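**Student:** One structure coming up, written as structure tokens, with questions to follow.
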Amino acid sequence: MNKKLLILLIALVSVLICLSVVTASDNNDLKVKSLKINKVKKIHTDSNGNTKKSSKYYAKFNVTSKSGSMKKYDVEIQCLDKKGKVIKTIKSHIDREGKNKIPLKCVSGVKSIKIKIKDDSGKVVFEGNTSKIKTTEKVTEDQPAKSESSSSSATYWASSNSNKFHNPSCEWAQKISGRNKVVFHSRNEALNSGYQPCQVCSP
Ligand SMILES: [Zn+2]
């Protein structure tokens, strides 16, 4: 019985020693927090109304330097698929505190990442992994082509009190009251209705 207790005690002590060694090796300047994968979904609509979707992945994390003087560190990130297979390895570096965002140039199958940060002597100062994916959406849209928007000016305005027709932007067209306004959709339509082009705006 006593022997068993002794073995247990030795095991416990060795676990404690191991733990203290681990914390000692963690005793470096760099602190890395809130590691996650950022998936940026881009949805772009062009002037013809066609929608294009694409996604980009980034490794995002917060870095602080305990000493306050941040050095340059090498970063190695492995992109893993859902089976845990490495699909791409990214090499980069960080040299500033705060939020760091490293493009992962991975294919869409990335499900988790493993990250290693080394100092200039090659010593690993941080090692971590995450499968946390935060998705953000970016929606962009092209303005319709100029010719399309100007098609609305392909209407002509006239007053039922006169025989002139105008471009809607003409100062005389602006003076036509809504009650008297006659709208034509082509020059010919106005001419055929017996109207003459205004000499100021020459529609
Ligand atoms: Zn006019």
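Ordering of the structure tokens sets the chain letters (A, B, ...); residue numbers start at 1 within each chain; ligands are numbered from 1 in the order shown.
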Would you please extract all strand (DSSP E or B) residues from range 4-202 of chain A, as assigned by DSSP on the backbone, and give them as a PyMOL selection string?
**Tutor:** chain A and resi 30-45+51-65+73-80+86-94+98-103+112-118+124-130+133-141+156-159+164-166+181-184+196-197
**Student:** Any residue with an atom at most 8 Å from ligand 1 counts, using only C-alpha atoms and all ligand atoms. Which are they? Put them as a PyMOL selection string.
**Tutor:** chain A and resi 164-173+197-203
**Student:** May I have the selected residues written with N, CA and C atoms, as a PDB file, in the first residue's frame?
**Tutor:**
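Result went into out_29.pdb, see below:
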```pdb
ATOM      1  N   LYS A 164     -43.093  74.245 -78.533  1.00  0.00           N
ATOM      2  CA  LYS A 164     -41.674  73.890 -78.435  1.00  0.00           C
ATOM      3  C   LYS A 164     -41.491  72.674 -77.524  1.00  0.00           C
ATOM      4  N   PHE A 165     -40.548  71.808 -77.890  1.00  0.00           N
ATOM      5  CA  PHE A 165     -40.187  70.742 -76.963  1.00  0.00           C
ATOM      6  C   PHE A 165     -38.720  70.878 -76.559  1.00  0.00           C
ATOM      7  N   HIS A 166     -38.401  70.367 -75.361  1.00  0.00           N
ATOM      8  CA  HIS A 166     -37.105  70.621 -74.720  1.00  0.00           C
ATOM      9  C   HIS A 166     -36.474  69.342 -74.183  1.00  0.00           C
ATOM     10  N   ASN A 167     -35.158  69.464 -73.947  1.00  0.00           N
ATOM     11  CA  ASN A 167     -34.506  68.481 -73.074  1.00  0.00           C
ATOM     12  C   ASN A 167     -34.991  68.772 -71.652  1.00  0.00           C
ATOM     13  N   PRO A 168     -35.197  67.740 -70.836  1.00  0.00           N
ATOM     14  CA  PRO A 168     -35.700  68.004 -69.470  1.00  0.00           C
ATOM     15  C   PRO A 168     -34.798  68.943 -68.671  1.00  0.00           C
ATOM     16  N   SER A 169     -33.495  69.010 -69.029  1.00  0.00           N
ATOM     17  CA  SER A 169     -32.575  69.859 -68.274  1.00  0.00           C
ATOM     18  C   SER A 169     -32.659  71.335 -68.681  1.00  0.00           C
ATOM     19  N   CYS A 170     -33.365  71.635 -69.771  1.00  0.00           N
ATOM     20  CA  CYS A 170     -33.453  73.016 -70.266  1.00  0.00           C
ATOM     21  C   CYS A 170     -34.171  73.897 -69.245  1.00  0.00           C
ATOM     22  N   GLU A 171     -33.688  75.141 -69.107  1.00  0.00           N
ATOM     23  CA  GLU A 171     -34.309  76.041 -68.125  1.00  0.00           C
ATOM     24  C   GLU A 171     -35.791  76.260 -68.437  1.00  0.00           C
ATOM     25  N   TRP A 172     -36.149  76.231 -69.728  1.00  0.00           N
ATOM     26  CA  TRP A 172     -37.549  76.432 -70.113  1.00  0.00           C
ATOM     27  C   TRP A 172     -38.380  75.191 -69.775  1.00  0.00           C
ATOM     28  N   ALA A 173     -37.748  74.007 -69.895  1.00  0.00           N
ATOM     29  CA  ALA A 173     -38.437  72.760 -69.536  1.00  0.00           C
ATOM     30  C   ALA A 173     -38.745  72.739 -68.042  1.00  0.00           C
ATOM     31  N   PRO A 197     -38.309  71.837 -82.088  1.00  0.00           N
ATOM     32  CA  PRO A 197     -37.242  71.841 -81.076  1.00  0.00           C
ATOM     33  C   PRO A 197     -36.982  73.250 -80.560  1.00  0.00           C
ATOM     34  N   CYS A 198     -36.755  73.329 -79.264  1.00  0.00           N
ATOM     35  CA  CYS A 198     -36.427  74.596 -78.611  1.00  0.00           C
ATOM     36  C   CYS A 198     -35.077  75.069 -79.132  1.00  0.00           C
ATOM     37  N   GLN A 199     -34.909  76.415 -79.298  1.00  0.00           N
ATOM     38  CA  GLN A 199     -33.648  76.909 -79.856  1.00  0.00           C
ATOM     39  C   GLN A 199     -32.601  77.114 -78.777  1.00  0.00           C
ATOM     40  N   VAL A 200     -33.045  77.053 -77.540  1.00  0.00           N
ATOM     41  CA  VAL A 200     -32.082  77.230 -76.426  1.00  0.00           C
ATOM     42  C   VAL A 200     -31.347  75.893 -76.165  1.00  0.00           C
ATOM     43  N   CYS A 201     -32.113  74.798 -76.046  1.00  0.00           N
ATOM     44  CA  CYS A 201     -31.473  73.514 -75.679  1.00  0.00           C
ATOM     45  C   CYS A 201     -31.265  72.607 -76.889  1.00  0.00           C
ATOM     46  N   SER A 202     -31.792  72.989 -78.008  1.00  0.00           N
ATOM     47  CA  SER A 202     -31.770  72.219 -79.261  1.00  0.00           C
ATOM     48  C   SER A 202     -31.799  70.704 -79.050  1.00  0.00           C
ATOM     49  N   PRO A 203     -32.909  70.199 -78.619  1.00  0.00           N
ATOM     50  CA  PRO A 203     -33.023  68.744 -78.342  1.00  0.00           C
ATOM     51  C   PRO A 203     -32.988  67.916 -79.624  1.00  0.00           C
TER      52      PRO A 203
END
```
**Student:** What is the distance between CA of Leu30 in chain A and CA of Phe126 in chain A, in Å to one decimal?
**Tutor:**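 According to the coordinates, CA of Leu30 in chain A and CA of Phe126 in chain A are separated by 7.6 Å.
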**Student:** Any chance you could list, as a ChimeraX atom specification, the residues in chain A that come up alpha helix (DSSP H) when DSSP is run on the backbone?
**Tutor:** /A:2-25,146-149,171-174,187-192
**Student:** Keeping N, CA and C atoms, export the residues of the selection given above as a short mmCIF file (atom, residue, chain, number, x, y, z; two decimals), in the first residue's frame.
**Tutor:**
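Below is the file that was written, out19.cif:
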```cif
data_model
loop_
_atom_site.label_atom_id
_atom_site.label_comp_id
_atom_site.auth_asym_id
_atom_site.auth_seq_id
_atom_site.Cartn_x
_atom_site.Cartn_y
_atom_site.Cartn_z
N ASN A 2 1.85 1.30 0.88
CA ASN A 2 2.73 2.45 1.01
C ASN A 2 3.56 2.68 -0.25
N LYS A 3 3.93 1.56 -0.89
CA LYS A 3 4.71 1.64 -2.13
C LYS A 3 3.90 2.34 -3.22
N LYS A 4 2.61 1.92 -3.29
CA LYS A 4 1.71 2.51 -4.29
C LYS A 4 1.59 4.01 -4.07
N LEU A 5 1.49 4.37 -2.81
CA LEU A 5 1.33 5.79 -2.45
C LEU A 5 2.57 6.57 -2.86
N LEU A 6 3.74 5.92 -2.64
CA LEU A 6 5.01 6.56 -2.97
C LEU A 6 5.12 6.79 -4.48
N ILE A 7 4.71 5.73 -5.25
CA ILE A 7 4.75 5.84 -6.72
C ILE A 7 3.85 6.98 -7.17
N LEU A 8 2.69 7.03 -6.54
CA LEU A 8 1.72 8.08 -6.86
C LEU A 8 2.32 9.46 -6.58
N LEU A 9 3.01 9.55 -5.43
CA LEU A 9 3.62 10.81 -5.03
C LEU A 9 4.71 11.22 -6.02
N ILE A 10 5.53 10.24 -6.42
CA ILE A 10 6.61 10.52 -7.38
C ILE A 10 6.00 10.99 -8.70
N ALA A 11 4.93 10.29 -9.13
CA ALA A 11 4.27 10.66 -10.37
C ALA A 11 3.76 12.09 -10.30
N LEU A 12 3.16 12.42 -9.16
CA LEU A 12 2.60 13.75 -8.96
C LEU A 12 3.68 14.82 -9.03
N VAL A 13 4.81 14.53 -8.34
CA VAL A 13 5.93 15.47 -8.31
C VAL A 13 6.49 15.68 -9.72
N SER A 14 6.63 14.55 -10.46
CA SER A 14 7.19 14.68 -11.81
C SER A 14 6.25 15.47 -12.73
N VAL A 15 4.94 15.28 -12.52
CA VAL A 15 3.97 16.07 -13.29
C VAL A 15 4.15 17.55 -12.98
N LEU A 16 4.31 17.85 -11.70
CA LEU A 16 4.50 19.25 -11.28
C LEU A 16 5.77 19.84 -11.88
N ILE A 17 6.85 19.04 -11.90
CA ILE A 17 8.12 19.50 -12.48
C ILE A 17 7.92 19.80 -13.97
N CYS A 18 7.25 18.86 -14.65
CA CYS A 18 6.97 19.04 -16.09
C CYS A 18 6.19 20.33 -16.32
N LEU A 19 5.17 20.55 -15.50
CA LEU A 19 4.34 21.75 -15.63
C LEU A 19 5.16 23.01 -15.48
N SER A 20 6.06 23.00 -14.48
CA SER A 20 6.87 24.19 -14.24
C SER A 20 7.84 24.42 -15.39
N VAL A 21 8.32 23.32 -16.00
CA VAL A 21 9.21 23.44 -17.16
C VAL A 21 8.44 24.09 -18.31
N VAL A 22 7.17 23.61 -18.50
CA VAL A 22 6.34 24.16 -19.57
C VAL A 22 6.12 25.66 -19.37
N THR A 23 5.78 26.05 -18.13
CA THR A 23 5.54 27.47 -17.88
C THR A 23 6.83 28.28 -18.04
N ALA A 24 7.97 27.63 -17.68
CA ALA A 24 9.25 28.34 -17.81
C ALA A 24 9.56 28.59 -19.29
N SER A 25 9.28 27.57 -20.14
CA SER A 25 9.58 27.74 -21.56
C SER A 25 8.62 28.75 -22.20
N LYS A 146 -22.77 54.73 -67.94
CA LYS A 146 -23.28 56.08 -68.17
C LYS A 146 -24.40 56.09 -69.23
N SER A 147 -24.21 55.31 -70.29
CA SER A 147 -25.19 55.32 -71.38
C SER A 147 -26.57 54.88 -70.87
N GLU A 148 -26.55 53.99 -69.87
CA GLU A 148 -27.82 53.52 -69.34
C GLU A 148 -28.55 54.59 -68.54
N SER A 149 -27.76 55.30 -67.71
CA SER A 149 -28.40 56.30 -66.86
C SER A 149 -28.86 57.50 -67.69
N GLU A 171 -33.69 75.14 -69.11
CA GLU A 171 -34.31 76.04 -68.12
C GLU A 171 -35.79 76.26 -68.44
N TRP A 172 -36.15 76.23 -69.73
CA TRP A 172 -37.55 76.43 -70.11
C TRP A 172 -38.38 75.19 -69.77
N ALA A 173 -37.75 74.01 -69.89
CA ALA A 173 -38.44 72.76 -69.54
C ALA A 173 -38.74 72.74 -68.04
N GLN A 174 -37.80 73.30 -67.25
CA GLN A 174 -37.97 73.33 -65.79
C GLN A 174 -39.16 74.21 -65.38
N ARG A 187 -37.63 62.07 -80.27
CA ARG A 187 -37.70 63.34 -81.01
C ARG A 187 -38.84 63.28 -82.03
N ASN A 188 -38.87 62.11 -82.72
CA ASN A 188 -39.89 61.95 -83.76
C ASN A 188 -41.30 62.07 -83.21
N GLU A 189 -41.48 61.50 -82.03
CA GLU A 189 -42.81 61.55 -81.42
C GLU A 189 -43.23 63.00 -81.21
N ALA A 190 -42.26 63.83 -80.75
CA ALA A 190 -42.55 65.26 -80.52
C ALA A 190 -42.83 65.97 -81.84
N LEU A 191 -41.96 65.70 -82.85
CA LEU A 191 -42.12 66.35 -84.15
C LEU A 191 -43.45 65.96 -84.80
N ASN A 192 -43.78 64.68 -84.70
CA ASN A 192 -45.01 64.19 -85.29
C ASN A 192 -46.25 64.78 -84.60
#
```
**Student:** Which neighbours of range 51-68 of chain A fall inside 10 Å, counting only C-alpha atoms, when residues of the same chain fewer than 5 positions from it are skipped, and could you give them as a PyMOL selection string?
**Tutor:** chain A and resi 28-46+77+79+94-108+110+112-115+130+133-141
**Student:** Restricting it to N, CA and C atoms, dump the selection as a compact mmCIF listing (two decimals), in the first residue's frame.
**Tutor:**
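Result went into result-v7.txt, see below:
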```txt
# COMPACT_ATOMS: atom_id res chain seq x y z
N ASN A 28 8.47 33.95 -22.35
CA ASN A 28 9.08 34.81 -23.37
C ASN A 28 8.31 36.11 -23.51
N ASP A 29 8.81 36.95 -24.36
CA ASP A 29 8.28 38.31 -24.45
C ASP A 29 6.93 38.39 -25.16
N LEU A 30 6.67 37.43 -26.04
CA LEU A 30 5.50 37.52 -26.91
C LEU A 30 4.26 36.89 -26.31
N LYS A 31 3.14 37.61 -26.38
CA LYS A 31 1.85 37.05 -25.96
C LYS A 31 0.90 37.10 -27.17
N VAL A 32 0.32 35.96 -27.45
CA VAL A 32 -0.61 35.88 -28.59
C VAL A 32 -2.00 35.53 -28.07
N LYS A 33 -2.96 36.32 -28.47
CA LYS A 33 -4.34 36.10 -28.01
C LYS A 33 -5.32 36.14 -29.18
N SER A 34 -6.51 35.65 -28.90
CA SER A 34 -7.66 35.60 -29.83
C SER A 34 -7.28 35.21 -31.27
N LEU A 35 -6.66 34.04 -31.35
CA LEU A 35 -6.32 33.50 -32.67
C LEU A 35 -7.57 32.95 -33.35
N LYS A 36 -7.80 33.39 -34.58
CA LYS A 36 -8.93 32.85 -35.34
C LYS A 36 -8.69 32.96 -36.84
N ILE A 37 -9.54 32.24 -37.58
CA ILE A 37 -9.51 32.33 -39.03
C ILE A 37 -10.58 33.33 -39.44
N ASN A 38 -10.19 34.28 -40.27
CA ASN A 38 -11.17 35.25 -40.76
C ASN A 38 -11.45 34.95 -42.23
N LYS A 39 -12.71 34.61 -42.50
CA LYS A 39 -13.11 34.34 -43.88
C LYS A 39 -13.83 35.59 -44.39
N VAL A 40 -13.25 36.22 -45.41
CA VAL A 40 -13.86 37.42 -45.98
C VAL A 40 -14.56 37.04 -47.28
N LYS A 41 -15.87 37.10 -47.24
CA LYS A 41 -16.68 36.75 -48.41
C LYS A 41 -16.91 38.02 -49.22
N LYS A 42 -16.51 37.99 -50.47
CA LYS A 42 -16.71 39.17 -51.31
C LYS A 42 -17.83 38.90 -52.30
N ILE A 43 -18.81 39.76 -52.31
CA ILE A 43 -19.91 39.63 -53.26
C ILE A 43 -19.90 40.90 -54.10
N HIS A 44 -19.61 40.71 -55.39
CA HIS A 44 -19.51 41.88 -56.27
C HIS A 44 -20.53 41.80 -57.40
N THR A 45 -21.29 42.87 -57.54
CA THR A 45 -22.27 42.93 -58.63
C THR A 45 -21.77 43.94 -59.67
N ASP A 46 -21.62 43.49 -60.91
CA ASP A 46 -21.14 44.41 -61.95
C ASP A 46 -22.32 45.17 -62.57
N ILE A 77 2.37 29.24 -40.81
CA ILE A 77 0.98 28.82 -40.63
C ILE A 77 0.67 27.65 -41.56
N CYS A 79 -2.33 25.42 -43.14
CA CYS A 79 -3.78 25.35 -43.38
C CYS A 79 -4.15 23.88 -43.48
N ILE A 94 5.89 38.88 -38.36
CA ILE A 94 5.20 39.96 -37.67
C ILE A 94 6.23 40.82 -36.97
N ASP A 95 5.96 42.10 -36.90
CA ASP A 95 6.90 42.98 -36.21
C ASP A 95 6.18 44.12 -35.49
N ARG A 96 4.88 43.94 -35.31
CA ARG A 96 4.18 45.00 -34.56
C ARG A 96 3.14 44.41 -33.61
N GLU A 97 2.87 45.17 -32.57
CA GLU A 97 1.89 44.75 -31.59
C GLU A 97 0.48 45.02 -32.11
N GLY A 98 -0.50 44.47 -31.42
CA GLY A 98 -1.89 44.71 -31.79
C GLY A 98 -2.39 43.64 -32.73
N LYS A 99 -3.39 44.03 -33.52
CA LYS A 99 -4.02 43.05 -34.42
C LYS A 99 -3.12 42.74 -35.60
N ASN A 100 -2.90 41.48 -35.86
CA ASN A 100 -2.15 41.05 -37.03
C ASN A 100 -3.04 40.19 -37.90
N LYS A 101 -2.95 40.42 -39.19
CA LYS A 101 -3.80 39.71 -40.15
C LYS A 101 -2.90 39.19 -41.26
N ILE A 102 -2.80 37.87 -41.37
CA ILE A 102 -1.92 37.29 -42.38
C ILE A 102 -2.76 36.57 -43.43
N PRO A 103 -2.63 36.98 -44.71
CA PRO A 103 -3.41 36.31 -45.76
C PRO A 103 -3.01 34.85 -45.89
N LEU A 104 -4.01 33.99 -45.97
CA LEU A 104 -3.75 32.55 -46.01
C LEU A 104 -3.71 31.95 -47.41
N LYS A 105 -3.97 32.69 -48.41
CA LYS A 105 -3.86 32.21 -49.81
C LYS A 105 -4.23 30.73 -49.95
N CYS A 106 -5.08 30.22 -49.08
CA CYS A 106 -5.46 28.81 -49.14
C CYS A 106 -6.68 28.64 -50.04
N VAL A 107 -6.87 27.42 -50.47
CA VAL A 107 -8.11 27.10 -51.17
C VAL A 107 -9.23 27.07 -50.14
N SER A 108 -10.48 27.02 -50.63
CA SER A 108 -11.62 27.21 -49.73
C SER A 108 -11.78 26.12 -48.68
N VAL A 110 -10.07 25.17 -46.26
CA VAL A 110 -9.39 25.29 -44.97
C VAL A 110 -10.40 25.23 -43.81
N SER A 112 -9.06 24.45 -40.40
CA SER A 112 -8.34 24.87 -39.20
C SER A 112 -6.91 25.26 -39.57
N ILE A 113 -6.26 25.95 -38.65
CA ILE A 113 -4.86 26.34 -38.89
C ILE A 113 -4.00 26.00 -37.66
N LYS A 114 -2.72 25.80 -37.98
CA LYS A 114 -1.71 25.62 -36.92
C LYS A 114 -0.70 26.72 -37.13
N ILE A 115 -0.35 27.38 -36.06
CA ILE A 115 0.57 28.50 -36.19
C ILE A 115 1.76 28.33 -35.27
N THR A 130 -6.28 26.71 -34.22
CA THR A 130 -7.68 27.09 -34.07
C THR A 130 -8.51 26.56 -35.24
N ILE A 133 -13.73 29.93 -37.13
CA ILE A 133 -13.80 30.73 -38.36
C ILE A 133 -14.83 31.84 -38.19
N LYS A 134 -14.37 33.06 -38.40
CA LYS A 134 -15.28 34.20 -38.32
C LYS A 134 -15.47 34.72 -39.74
N THR A 135 -16.71 34.76 -40.19
CA THR A 135 -16.99 35.19 -41.56
C THR A 135 -17.45 36.63 -41.58
N THR A 136 -16.82 37.41 -42.48
CA THR A 136 -17.30 38.77 -42.70
C THR A 136 -17.64 38.92 -44.18
N GLU A 137 -18.61 39.74 -44.45
CA GLU A 137 -19.07 39.90 -45.83
C GLU A 137 -18.78 41.29 -46.35
N LYS A 138 -18.28 41.35 -47.58
CA LYS A 138 -18.02 42.65 -48.21
C LYS A 138 -18.84 42.69 -49.49
N VAL A 139 -19.80 43.60 -49.56
CA VAL A 139 -20.65 43.70 -50.75
C VAL A 139 -20.26 44.96 -51.52
N THR A 140 -19.88 44.76 -52.79
CA THR A 140 -19.55 45.92 -53.63
C THR A 140 -20.39 45.86 -54.89
N GLU A 141 -20.58 47.03 -55.48
CA GLU A 141 -21.44 47.11 -56.66
C GLU A 141 -20.88 48.14 -57.62
```
**Student:** To one decimal place in Å, what is the distance between CA of Gln78 in chain A and CA of Lys123 in chain A?
**Tutor:** 17.8 Å
**Student:** Which residues are close to Ser162 in chain A, i.e. within 10 Å by only C-alpha atoms, leaving aside same-chain residues fewer than 3 positions away? Reply as a PyMOL selection string.
**Tutor:** chain A and resi 158-159+165+180+195-196
**Student:** With N, CA and C atoms kept, could you save the residues just selected as an mmCIF file, in the first residue's frame?
**Tutor:**
```cif
data_model
loop_
_atom_site.group_PDB
_atom_site.id
_atom_site.type_symbol
_atom_site.label_atom_id
_atom_site.label_comp_id
_atom_site.auth_asym_id
_atom_site.auth_seq_id
_atom_site.Cartn_x
_atom_site.Cartn_y
_atom_site.Cartn_z
ATOM 1 N N ALA A 158 -42.529 69.057 -73.153
ATOM 2 C CA ALA A 158 -43.135 70.195 -73.826
ATOM 3 C C ALA A 158 -44.272 70.705 -72.960
ATOM 4 N N SER A 159 -44.735 71.912 -73.283
ATOM 5 C CA SER A 159 -45.891 72.448 -72.564
ATOM 6 C C SER A 159 -47.074 72.434 -73.522
ATOM 7 N N PHE A 165 -40.548 71.808 -77.890
ATOM 8 C CA PHE A 165 -40.187 70.742 -76.963
ATOM 9 C C PHE A 165 -38.720 70.878 -76.559
ATOM 10 N N ASN A 180 -49.368 71.198 -67.192
ATOM 11 C CA ASN A 180 -49.270 71.420 -68.642
ATOM 12 C C ASN A 180 -48.218 70.540 -69.322
ATOM 13 N N TYR A 195 -44.711 69.566 -82.572
ATOM 14 C CA TYR A 195 -43.843 70.417 -81.750
ATOM 15 C C TYR A 195 -42.522 70.695 -82.479
ATOM 16 N N GLN A 196 -41.920 71.842 -82.172
ATOM 17 C CA GLN A 196 -40.656 72.250 -82.758
ATOM 18 C C GLN A 196 -39.571 72.190 -81.678
#
```
**Student:** With only C-alpha atoms as the basis for distance, which of A:Trp157, A:Ser131, A:Tyr73, A:Asp142 is at the shortest distance from Ser47 in chain A?
**Tutor:** A:Asp142
**Student:** Report the distance between CA of Gly122 in chain A and CA of Ile90 in chain A in Å, rounded to one decimal place.
**Tutor:**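 Computing it gives 16.6 Å between the two atoms.
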